[in-house]
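Participant: Okay, handing you the structure first.
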Amino acid sequence: MITHQSDLILHLDLPHNVEDLAEVPLDSVARQATAADLSPSTTSSTSSAIVARPLVFFAILDHFLRRNENQDRVIGTLLGAPSDDNKSIEITNCFPVPHYETEDQVEVDMEHHHTMLELHQRVNPKEVIVGWYATGSGLNSYSALIQDYYNREVGVGNAVHLVLDTNLTGDTLGVRTFVSSPVGTLMKPENCMFVPVPFTVKCNETDANGLAVVNAAKSQPDHTVSLLSDMDNLEQALLQLKAMLQRVTEYVDQVLANDVSPNNLVGRYLMDLLAATPKIEATSFEKMFNSHLQDLLMVVYLSDLTRTQLSISDRLQKLI
Amino acid sequence: MAQTTASAVLGGGSKSSTASLAAALDIEGNIPIESVQIEALVVMKILKHSREAQPATVSGQLLGLDVEKTLEITHCYPVPTGSAEGADEIAQYQVDMMQCLREVNVDSNAVGWYQSAHLDSILEPSIIEMQYNYQKNLKKSVLLVYDLSSTTRGNVSLRAFRLTPEFMELYKKGVFTTQSFTLAGVTFDNIMTELPVVIHNSAVLNMLMHELSEPAATADPASMLDSRRLFSSRNTGAGSTLVDSAVVNPAALDLSLNAPLEKNLESLLESVDKYNYNRYQYQYWQRGVAREQSKIQQYIQRRRLENATRIAAGLAPLPEETESQVEAMFNMPKEPSRLNHILAAGKVDNYCKQINQFSGPALSKIFTIRELQQ
């Protein structure tokens, strides 16, 4: 348990200024990052880029919902790993850390932090601390102190600070990520500047599947959805594919009719797509089609037969 | 600021309702659960844990509350699976984890466990035993099974199971003879019951999902290019992927029909082998019984003949023995446990169902391709 007593905070007039200074000129950059945060980022990556898994946001929001009464913001530890080429940091997991903020001091439950870290690493030893998260609209005077602590925890490199805007500034759940760099002539923990860094959300295949399911629940009035069977899933995918094909056809038709000015990039993509489609002779296709169909029907027939035998044997068993 | 108060109200609301429900729960703890509601967070956590450990299977604990007939699963945590971990260590891990989670206001109430599996192969003695222990201690606990192979089909398959009351009774007695199975009315298809599963999003999470899908939804300036890039990025896993309902999950259209089918059939064969093995064991036992029985008959016959000759010779007859006494003289082989047999049968049935389920989409895919080719 580390406690920053008020005497430490007495020095805070300096970092306050520093932060203000840091925020004002960088605000435009930060805004830019907010706008680009959830879409493919085009900002030049001056410092290491940050990649986050959707799970992290799910967990942060869950933690935010479960905060104590009269608590404005929650913080927690981000776990992850730097990418192989050291160019980006991937945030894969996180866990909440209880903390208490008052006017003149901040208390972070470090015992809890260490226990949780140990527990997490028993399941996945590859995940290490990469930084910390906070909810709320931005940085405040304690951010620097906590950042300093996490900088020491991370060891090599710089701790990442992720802010999820739960106050909905600008009606969005903005996400901002920062790394810190020391500022000022005196090496004090409070003296630091938060530098915004580009940030993207990345899914792997499994995440994407999970998100698709969760996504289906978003437009339901009661926020619930039941899972789709494979058949329904296929139907939806086919419908979507059809819609996409239609959109492409429409666009091509429009271009051909000179209604829309052609876009070279789109054309190139379409060319690539056509080239990627394998050309199969009609006869060999027919052969493939038939053999696949036969295989499948045979297997289905046999499996049905097996089931029938099973239930017969079950009935016979009862007779004994 | 308005949102903060709104979510505060929301949080408060759920807290007070849980309090009243917890009270209701104590009074009537016997309402059967009819459905399972999973928070999106839990889904994502299970997916992550399962994926990272592939191809090994993993398990973890589910936390939540039961609200009348619905079991709400609001949190979960993975349980380490290593050969180095002893049972004591895992127990200690669970205690520590529960304590930590309670400190951050998570519903620290165990409601079951999750298990990742290939092709829903959950009818294993170890899993049955685990679920039995859960259900014995926590009446309403469920087993949530995540099918690892569903990912390749571009879907998420999470199914909730409970042991049926009949099977619970039977397992409690620990007698697995043909007779006991018949008396309890347990067959291979009513060991487990499946409960319907729904996914639930919290209000704030819903907002996030809208946020994530919004930029991609305004696709018209960049035309179809935008959504196509997302499409490809999802395929390769590179770049940023947003959730866009207009984007097809390519895995759902995957045409490789043979690989999953092959795997399914392999498992089917394996379980058929197991089934046969159990059947042979049973037959061996039956033959043993028949042999002993004929020996007993011979013995009785001999005794009768002897008695008849003795009576004819004017001697006192030897005392007739009761059946149990006779049986005690011979060693009747014990009936092998029928549990494995039933489980093997259940597995065979399960795989057959899986194949049938798989074949539906596969057939449609084949026909779609034919149409496309023409």
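Following the order of the structure tokens, first chain is A, next is B, and so on, with residues numbered from 1 inside each chain and ligands from 1 in the order they appear.
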Need to verify the contact set: region 74-85 of chain A, 7 Å, only C-alpha atoms, exclusion of same-chain residues closer than 6 positions in sequence. Can you return it as a PyMOL selection string?

Facilitator: chain A and resi 64+67+91-97+127-135

Participant: Could you pull the residues within 12 Å of region 90-97 of chain B, counting only C-alpha atoms, minus those fewer than 3 positions along the same chain, as a PDB file with N, CA and C atoms, in the first residue's frame?

Facilitator:
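This is the output file result.pdb:
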```
ATOM      1  N   PHE A  95      -6.813  -5.743 -15.311  1.00  0.00           N
ATOM      2  CA  PHE A  95      -7.595  -6.043 -14.115  1.00  0.00           C
ATOM      3  C   PHE A  95      -7.719  -4.780 -13.270  1.00  0.00           C
ATOM      4  N   GLU A 111      -1.206  -3.895  -2.720  1.00  0.00           N
ATOM      5  CA  GLU A 111      -1.227  -5.306  -2.341  1.00  0.00           C
ATOM      6  C   GLU A 111      -2.146  -6.074  -3.287  1.00  0.00           C
ATOM      7  N   HIS A 112      -3.305  -5.460  -3.511  1.00  0.00           N
ATOM      8  CA  HIS A 112      -4.275  -6.045  -4.433  1.00  0.00           C
ATOM      9  C   HIS A 112      -3.652  -6.191  -5.823  1.00  0.00           C
ATOM     10  N   HIS A 113      -2.995  -5.144  -6.235  1.00  0.00           N
ATOM     11  CA  HIS A 113      -2.351  -5.133  -7.553  1.00  0.00           C
ATOM     12  C   HIS A 113      -1.366  -6.295  -7.700  1.00  0.00           C
ATOM     13  N   HIS A 114      -0.553  -6.491  -6.670  1.00  0.00           N
ATOM     14  CA  HIS A 114       0.453  -7.542  -6.766  1.00  0.00           C
ATOM     15  C   HIS A 114      -0.168  -8.933  -6.723  1.00  0.00           C
ATOM     16  N   THR A 115      -1.173  -9.087  -5.878  1.00  0.00           N
ATOM     17  CA  THR A 115      -1.830 -10.397  -5.807  1.00  0.00           C
ATOM     18  C   THR A 115      -2.462 -10.744  -7.145  1.00  0.00           C
ATOM     19  N   MET A 116      -3.192  -9.782  -7.693  1.00  0.00           N
ATOM     20  CA  MET A 116      -3.872 -10.036  -8.960  1.00  0.00           C
ATOM     21  C   MET A 116      -2.863 -10.337 -10.063  1.00  0.00           C
ATOM     22  N   LEU A 117      -1.780  -9.588 -10.042  1.00  0.00           N
ATOM     23  CA  LEU A 117      -0.761  -9.795 -11.065  1.00  0.00           C
ATOM     24  C   LEU A 117      -0.224 -11.218 -10.996  1.00  0.00           C
ATOM     25  N   GLU A 118       0.030 -11.646  -9.790  1.00  0.00           N
ATOM     26  CA  GLU A 118       0.563 -12.994  -9.611  1.00  0.00           C
ATOM     27  C   GLU A 118      -0.438 -14.036 -10.083  1.00  0.00           C
ATOM     28  N   LEU A 119      -1.703 -13.814  -9.742  1.00  0.00           N
ATOM     29  CA  LEU A 119      -2.743 -14.763 -10.133  1.00  0.00           C
ATOM     30  C   LEU A 119      -2.873 -14.816 -11.650  1.00  0.00           C
ATOM     31  N   HIS A 120      -2.826 -13.648 -12.286  1.00  0.00           N
ATOM     32  CA  HIS A 120      -2.954 -13.623 -13.735  1.00  0.00           C
ATOM     33  C   HIS A 120      -1.784 -14.324 -14.408  1.00  0.00           C
ATOM     34  N   GLN A 121      -0.615 -14.132 -13.828  1.00  0.00           N
ATOM     35  CA  GLN A 121       0.550 -14.692 -14.489  1.00  0.00           C
ATOM     36  C   GLN A 121       0.630 -16.204 -14.340  1.00  0.00           C
ATOM     37  N   ARG A 122      -0.109 -16.723 -13.383  1.00  0.00           N
ATOM     38  CA  ARG A 122      -0.134 -18.183 -13.283  1.00  0.00           C
ATOM     39  C   ARG A 122      -0.906 -18.782 -14.424  1.00  0.00           C
ATOM     40  N   VAL A 123      -1.896 -18.040 -14.920  1.00  0.00           N
ATOM     41  CA  VAL A 123      -2.651 -18.545 -16.058  1.00  0.00           C
ATOM     42  C   VAL A 123      -1.924 -18.236 -17.352  1.00  0.00           C
TER      43      VAL A 123
ATOM     44  N   SER B  59     -10.286 -24.616 -18.405  1.00  0.00           N
ATOM     45  CA  SER B  59     -11.517 -24.427 -17.654  1.00  0.00           C
ATOM     46  C   SER B  59     -11.349 -23.235 -16.725  1.00  0.00           C
ATOM     47  N   GLY B  60     -12.449 -22.771 -16.223  1.00  0.00           N
ATOM     48  CA  GLY B  60     -12.425 -21.639 -15.317  1.00  0.00           C
ATOM     49  C   GLY B  60     -13.717 -21.574 -14.555  1.00  0.00           C
ATOM     50  N   GLN B  61     -13.775 -20.622 -13.658  1.00  0.00           N
ATOM     51  CA  GLN B  61     -14.957 -20.542 -12.818  1.00  0.00           C
ATOM     52  C   GLN B  61     -15.863 -19.407 -13.275  1.00  0.00           C
ATOM     53  N   LEU B  62     -17.152 -19.636 -13.152  1.00  0.00           N
ATOM     54  CA  LEU B  62     -18.145 -18.621 -13.510  1.00  0.00           C
ATOM     55  C   LEU B  62     -18.712 -18.001 -12.248  1.00  0.00           C
ATOM     56  N   LEU B  63     -18.863 -16.688 -12.269  1.00  0.00           N
ATOM     57  CA  LEU B  63     -19.444 -15.996 -11.139  1.00  0.00           C
ATOM     58  C   LEU B  63     -20.721 -15.301 -11.597  1.00  0.00           C
ATOM     59  N   HIS B  75     -19.416 -12.662 -14.426  1.00  0.00           N
ATOM     60  CA  HIS B  75     -17.960 -12.587 -14.403  1.00  0.00           C
ATOM     61  C   HIS B  75     -17.387 -13.990 -14.450  1.00  0.00           C
ATOM     62  N   CYS B  76     -16.136 -14.082 -14.800  1.00  0.00           N
ATOM     63  CA  CYS B  76     -15.497 -15.389 -14.779  1.00  0.00           C
ATOM     64  C   CYS B  76     -14.009 -15.190 -14.626  1.00  0.00           C
ATOM     65  N   TYR B  77     -13.335 -16.200 -14.212  1.00  0.00           N
ATOM     66  CA  TYR B  77     -11.875 -16.128 -14.210  1.00  0.00           C
ATOM     67  C   TYR B  77     -11.295 -17.481 -14.570  1.00  0.00           C
ATOM     68  N   PRO B  78     -10.166 -17.458 -15.258  1.00  0.00           N
ATOM     69  CA  PRO B  78      -9.558 -18.724 -15.660  1.00  0.00           C
ATOM     70  C   PRO B  78      -8.889 -19.423 -14.488  1.00  0.00           C
ATOM     71  N   VAL B  79      -8.863 -20.715 -14.549  1.00  0.00           N
ATOM     72  CA  VAL B  79      -8.164 -21.503 -13.534  1.00  0.00           C
ATOM     73  C   VAL B  79      -6.929 -22.098 -14.203  1.00  0.00           C
ATOM     74  N   PRO B  80      -5.779 -21.959 -13.593  1.00  0.00           N
ATOM     75  CA  PRO B  80      -4.565 -22.452 -14.252  1.00  0.00           C
ATOM     76  C   PRO B  80      -4.608 -23.962 -14.435  1.00  0.00           C
ATOM     77  N   THR B  81      -4.178 -24.416 -15.583  1.00  0.00           N
ATOM     78  CA  THR B  81      -4.127 -25.847 -15.837  1.00  0.00           C
ATOM     79  C   THR B  81      -2.693 -26.196 -16.164  1.00  0.00           C
ATOM     80  N   GLY B  82      -1.975 -26.612 -15.197  1.00  0.00           N
ATOM     81  CA  GLY B  82      -0.611 -27.035 -15.457  1.00  0.00           C
ATOM     82  C   GLY B  82      -0.373 -28.290 -14.657  1.00  0.00           C
ATOM     83  N   SER B  83       0.540 -29.091 -15.127  1.00  0.00           N
ATOM     84  CA  SER B  83       0.802 -30.318 -14.384  1.00  0.00           C
ATOM     85  C   SER B  83       1.453 -29.984 -13.042  1.00  0.00           C
ATOM     86  N   ALA B  84       2.094 -28.794 -13.001  1.00  0.00           N
ATOM     87  CA  ALA B  84       2.792 -28.429 -11.782  1.00  0.00           C
ATOM     88  C   ALA B  84       1.824 -28.008 -10.672  1.00  0.00           C
ATOM     89  N   GLU B  85       0.599 -27.681 -11.082  1.00  0.00           N
ATOM     90  CA  GLU B  85      -0.337 -27.158 -10.092  1.00  0.00           C
ATOM     91  C   GLU B  85      -1.023 -28.305  -9.353  1.00  0.00           C
ATOM     92  N   GLY B  86      -0.883 -28.320  -8.070  1.00  0.00           N
ATOM     93  CA  GLY B  86      -1.572 -29.319  -7.281  1.00  0.00           C
ATOM     94  C   GLY B  86      -2.977 -28.853  -6.958  1.00  0.00           C
ATOM     95  N   ALA B  87      -3.782 -29.766  -6.419  1.00  0.00           N
ATOM     96  CA  ALA B  87      -5.161 -29.418  -6.094  1.00  0.00           C
ATOM     97  C   ALA B  87      -5.218 -28.328  -5.028  1.00  0.00           C
ATOM     98  N   CYS B 100      -9.873 -11.090  -4.202  1.00  0.00           N
ATOM     99  CA  CYS B 100      -9.514  -9.914  -4.988  1.00  0.00           C
ATOM    100  C   CYS B 100     -10.719  -9.378  -5.738  1.00  0.00           C
ATOM    101  N   LEU B 101     -11.508 -10.272  -6.306  1.00  0.00           N
ATOM    102  CA  LEU B 101     -12.646  -9.824  -7.098  1.00  0.00           C
ATOM    103  C   LEU B 101     -13.712  -9.194  -6.207  1.00  0.00           C
ATOM    104  N   ARG B 102     -13.833  -9.723  -4.996  1.00  0.00           N
ATOM    105  CA  ARG B 102     -14.830  -9.157  -4.096  1.00  0.00           C
ATOM    106  C   ARG B 102     -14.460  -7.718  -3.756  1.00  0.00           C
ATOM    107  N   GLU B 103     -13.171  -7.462  -3.664  1.00  0.00           N
ATOM    108  CA  GLU B 103     -12.730  -6.109  -3.319  1.00  0.00           C
ATOM    109  C   GLU B 103     -13.116  -5.099  -4.387  1.00  0.00           C
ATOM    110  N   VAL B 104     -13.268  -5.557  -5.613  1.00  0.00           N
ATOM    111  CA  VAL B 104     -13.663  -4.612  -6.655  1.00  0.00           C
ATOM    112  C   VAL B 104     -15.126  -4.816  -7.064  1.00  0.00           C
ATOM    113  N   VAL B 106     -17.114  -7.330  -7.655  1.00  0.00           N
ATOM    114  CA  VAL B 106     -17.616  -8.330  -8.590  1.00  0.00           C
ATOM    115  C   VAL B 106     -18.522  -9.279  -7.812  1.00  0.00           C
ATOM    116  N   SER B 108     -19.188 -12.094  -6.193  1.00  0.00           N
ATOM    117  CA  SER B 108     -18.300 -13.216  -5.871  1.00  0.00           C
ATOM    118  C   SER B 108     -19.122 -14.412  -5.418  1.00  0.00           C
ATOM    119  N   ASN B 109     -19.877 -14.917  -6.341  1.00  0.00           N
ATOM    120  CA  ASN B 109     -20.759 -16.032  -6.047  1.00  0.00           C
ATOM    121  C   ASN B 109     -20.595 -17.042  -7.170  1.00  0.00           C
ATOM    122  N   ALA B 110     -19.976 -18.153  -6.853  1.00  0.00           N
ATOM    123  CA  ALA B 110     -19.709 -19.129  -7.904  1.00  0.00           C
ATOM    124  C   ALA B 110     -21.008 -19.750  -8.388  1.00  0.00           C
TER     125      ALA B 110
END
```

Participant: Please identify every residue of chain A that has at least one atom no farther than 6 Å from an atom of chain B, counting only C-alpha atoms, and for each give the shortest atom pair and the distance in Å to one decimal, arranged by chain then increasing number, as a tab-separated table.

Facilitator:
```
residue	atom	partner	partner_atom	distance
A:Pro40	CA	B:Ser240	CA	5.5
A:Leu55	CA	B:Met44	CA	6.0
A:Phe58	CA	B:Leu41	CA	5.6
A:Arg66	CA	B:Asn105	CA	5.8
A:Val123	CA	B:Pro80	CA	4.7
A:Asn167	CA	B:Met1	CA	5.5
A:Val201	CA	B:Ser240	CA	5.6
A:Lys202	CA	B:Ser240	CA	5.0
A:Asn204	CA	B:Gly237	CA	5.5
A:Asn209	CA	B:Asn155	CA	5.9
A:Lys218	CA	B:Asn206	CA	5.3
A:His223	CA	B:Asn201	CA	5.3
A:Thr224	CA	B:His200	CA	4.3
A:Val225	CA	B:Ile199	CA	5.1
A:Ser226	CA	B:Val198	CA	4.1
A:Met231	CA	B:Pro361	CA	5.3
A:Leu234	CA	B:Ala252	CA	5.8
A:Ala237	CA	B:Val248	CA	5.4
A:Gln240	CA	B:Val248	CA	5.9
A:Val300	CA	B:Asn356	CA	5.9
A:Ser303	CA	B:Cys352	CA	5.0
A:Arg307	CA	B:Asp349	CA	5.8
```

Participant: Could you pull out the strand (DSSP E) residues of region 106-205 of chain A from DSSP and send them as a ChimeraX atom specification?

Facilitator: /A:106-108,128-135,160-164,175-182,192-196,199-201

Participant: With N, CA, C and O atoms kept, could you save the residues just selected as a tab-separated table (two decimals), in the first residue's frame?

Facilitator:
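Dumped everything to selection07.tsv:
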```tsv
chain	number	residue	atom	x	y	z
A	106	VAL	N	-3.96	10.48	-2.72
A	106	VAL	CA	-4.44	9.35	-3.50
A	106	VAL	C	-3.81	8.09	-2.93
A	106	VAL	O	-2.65	8.06	-2.54
A	107	GLU	N	-4.63	7.05	-2.86
A	107	GLU	CA	-4.17	5.81	-2.27
A	107	GLU	C	-4.46	4.70	-3.26
A	107	GLU	O	-5.60	4.54	-3.71
A	108	VAL	N	-3.46	3.95	-3.60
A	108	VAL	CA	-3.67	2.85	-4.53
A	108	VAL	C	-3.35	1.55	-3.79
A	108	VAL	O	-2.32	1.44	-3.14
A	128	VAL	N	2.70	-9.34	-19.28
A	128	VAL	CA	3.38	-8.53	-18.27
A	128	VAL	C	2.68	-7.17	-18.19
A	128	VAL	O	1.88	-6.82	-19.04
A	129	ILE	N	3.04	-6.43	-17.16
A	129	ILE	CA	2.43	-5.10	-17.01
A	129	ILE	C	2.92	-4.20	-18.14
A	129	ILE	O	4.12	-4.15	-18.42
A	130	VAL	N	1.99	-3.53	-18.79
A	130	VAL	CA	2.42	-2.56	-19.78
A	130	VAL	C	1.97	-1.15	-19.41
A	130	VAL	O	2.41	-0.19	-20.03
A	131	GLY	N	1.11	-1.02	-18.44
A	131	GLY	CA	0.66	0.32	-18.06
A	131	GLY	C	-0.57	0.27	-17.21
A	131	GLY	O	-0.83	-0.72	-16.54
A	132	TRP	N	-1.33	1.33	-17.27
A	132	TRP	CA	-2.53	1.39	-16.43
A	132	TRP	C	-3.63	2.14	-17.16
A	132	TRP	O	-3.38	2.88	-18.10
A	133	TYR	N	-4.87	1.90	-16.72
A	133	TYR	CA	-5.99	2.61	-17.33
A	133	TYR	C	-6.72	3.41	-16.29
A	133	TYR	O	-6.61	3.15	-15.09
A	134	ALA	N	-7.45	4.39	-16.76
A	134	ALA	CA	-8.32	5.17	-15.89
A	134	ALA	C	-9.54	5.56	-16.70
A	134	ALA	O	-9.47	5.69	-17.91
A	135	THR	N	-10.65	5.71	-16.01
A	135	THR	CA	-11.82	6.24	-16.69
A	135	THR	C	-11.93	7.71	-16.32
A	135	THR	O	-11.24	8.20	-15.44
A	160	VAL	N	2.26	2.68	-20.32
A	160	VAL	CA	1.22	3.25	-21.17
A	160	VAL	C	0.06	3.64	-20.28
A	160	VAL	O	-0.30	2.92	-19.36
A	161	HIS	N	-0.51	4.79	-20.55
A	161	HIS	CA	-1.68	5.21	-19.79
A	161	HIS	C	-2.85	5.32	-20.76
A	161	HIS	O	-2.78	6.04	-21.75
A	162	LEU	N	-3.91	4.60	-20.47
A	162	LEU	CA	-5.07	4.60	-21.35
A	162	LEU	C	-6.23	5.26	-20.61
A	162	LEU	O	-6.54	4.88	-19.48
A	163	VAL	N	-6.82	6.24	-21.23
A	163	VAL	CA	-7.96	6.93	-20.60
A	163	VAL	C	-9.20	6.64	-21.43
A	163	VAL	O	-9.24	6.90	-22.63
A	164	LEU	N	-10.19	6.09	-20.78
A	164	LEU	CA	-11.46	5.84	-21.44
A	164	LEU	C	-12.43	6.89	-20.94
A	164	LEU	O	-12.71	6.97	-19.73
A	175	VAL	N	-11.22	7.31	-26.49
A	175	VAL	CA	-10.10	6.60	-25.88
A	175	VAL	C	-8.83	7.37	-26.20
A	175	VAL	O	-8.61	7.78	-27.34
A	176	ARG	N	-8.03	7.61	-25.20
A	176	ARG	CA	-6.75	8.27	-25.45
A	176	ARG	C	-5.65	7.48	-24.77
A	176	ARG	O	-5.84	6.96	-23.68
A	177	THR	N	-4.54	7.41	-25.42
A	177	THR	CA	-3.42	6.69	-24.83
A	177	THR	C	-2.22	7.62	-24.76
A	177	THR	O	-1.99	8.43	-25.65
A	178	PHE	N	-1.49	7.47	-23.70
A	178	PHE	CA	-0.34	8.35	-23.49
A	178	PHE	C	0.86	7.53	-23.05
A	178	PHE	O	0.72	6.47	-22.44
A	179	VAL	N	2.02	8.06	-23.33
A	179	VAL	CA	3.20	7.64	-22.61
A	179	VAL	C	3.74	8.90	-21.95
A	179	VAL	O	3.39	10.01	-22.35
A	180	SER	N	4.56	8.74	-20.98
A	180	SER	CA	5.03	9.93	-20.28
A	180	SER	C	6.49	10.15	-20.59
A	180	SER	O	7.23	9.23	-20.92
A	181	SER	N	6.87	11.39	-20.51
A	181	SER	CA	8.30	11.67	-20.58
A	181	SER	C	8.61	12.70	-19.51
A	181	SER	O	7.80	13.59	-19.24
A	182	PRO	N	9.74	12.55	-18.88
A	182	PRO	CA	10.06	13.47	-17.78
A	182	PRO	C	10.25	14.88	-18.31
A	182	PRO	O	10.67	15.10	-19.44
A	192	CYS	N	6.04	15.24	-15.07
A	192	CYS	CA	6.05	14.48	-16.29
A	192	CYS	C	5.04	15.02	-17.27
A	192	CYS	O	4.08	15.67	-16.88
A	193	MET	N	5.29	14.76	-18.49
A	193	MET	CA	4.40	15.24	-19.54
A	193	MET	C	3.79	14.01	-20.20
A	193	MET	O	4.50	13.05	-20.53
A	194	PHE	N	2.50	14.07	-20.40
A	194	PHE	CA	1.85	12.95	-21.07
A	194	PHE	C	1.83	13.21	-22.57
A	194	PHE	O	1.30	14.22	-23.03
A	195	VAL	N	2.42	12.31	-23.30
A	195	VAL	CA	2.48	12.48	-24.75
A	195	VAL	C	1.47	11.53	-25.38
A	195	VAL	O	1.55	10.32	-25.17
A	196	PRO	N	0.54	12.06	-26.14
A	196	PRO	CA	-0.43	11.16	-26.77
A	196	PRO	C	0.24	10.27	-27.81
A	196	PRO	O	1.14	10.73	-28.52
A	199	PHE	N	-3.24	4.90	-31.50
A	199	PHE	CA	-3.83	3.75	-30.84
A	199	PHE	C	-4.83	3.09	-31.77
A	199	PHE	O	-5.57	3.75	-32.48
A	200	THR	N	-4.83	1.78	-31.82
A	200	THR	CA	-5.80	1.08	-32.66
A	200	THR	C	-6.41	-0.09	-31.90
A	200	THR	O	-5.83	-0.59	-30.93
A	201	VAL	N	-7.57	-0.49	-32.36
A	201	VAL	CA	-8.21	-1.69	-31.80
A	201	VAL	C	-7.97	-2.82	-32.79
A	201	VAL	O	-8.12	-2.62	-33.99
```

Participant: Select from region 227-293 of chain A everything DSSP, run on the backbone, classes as alpha helix (DSSP H), then give the selection as a PyMOL selection string.

Facilitator: chain A and resi 230-256+264-276+282-293
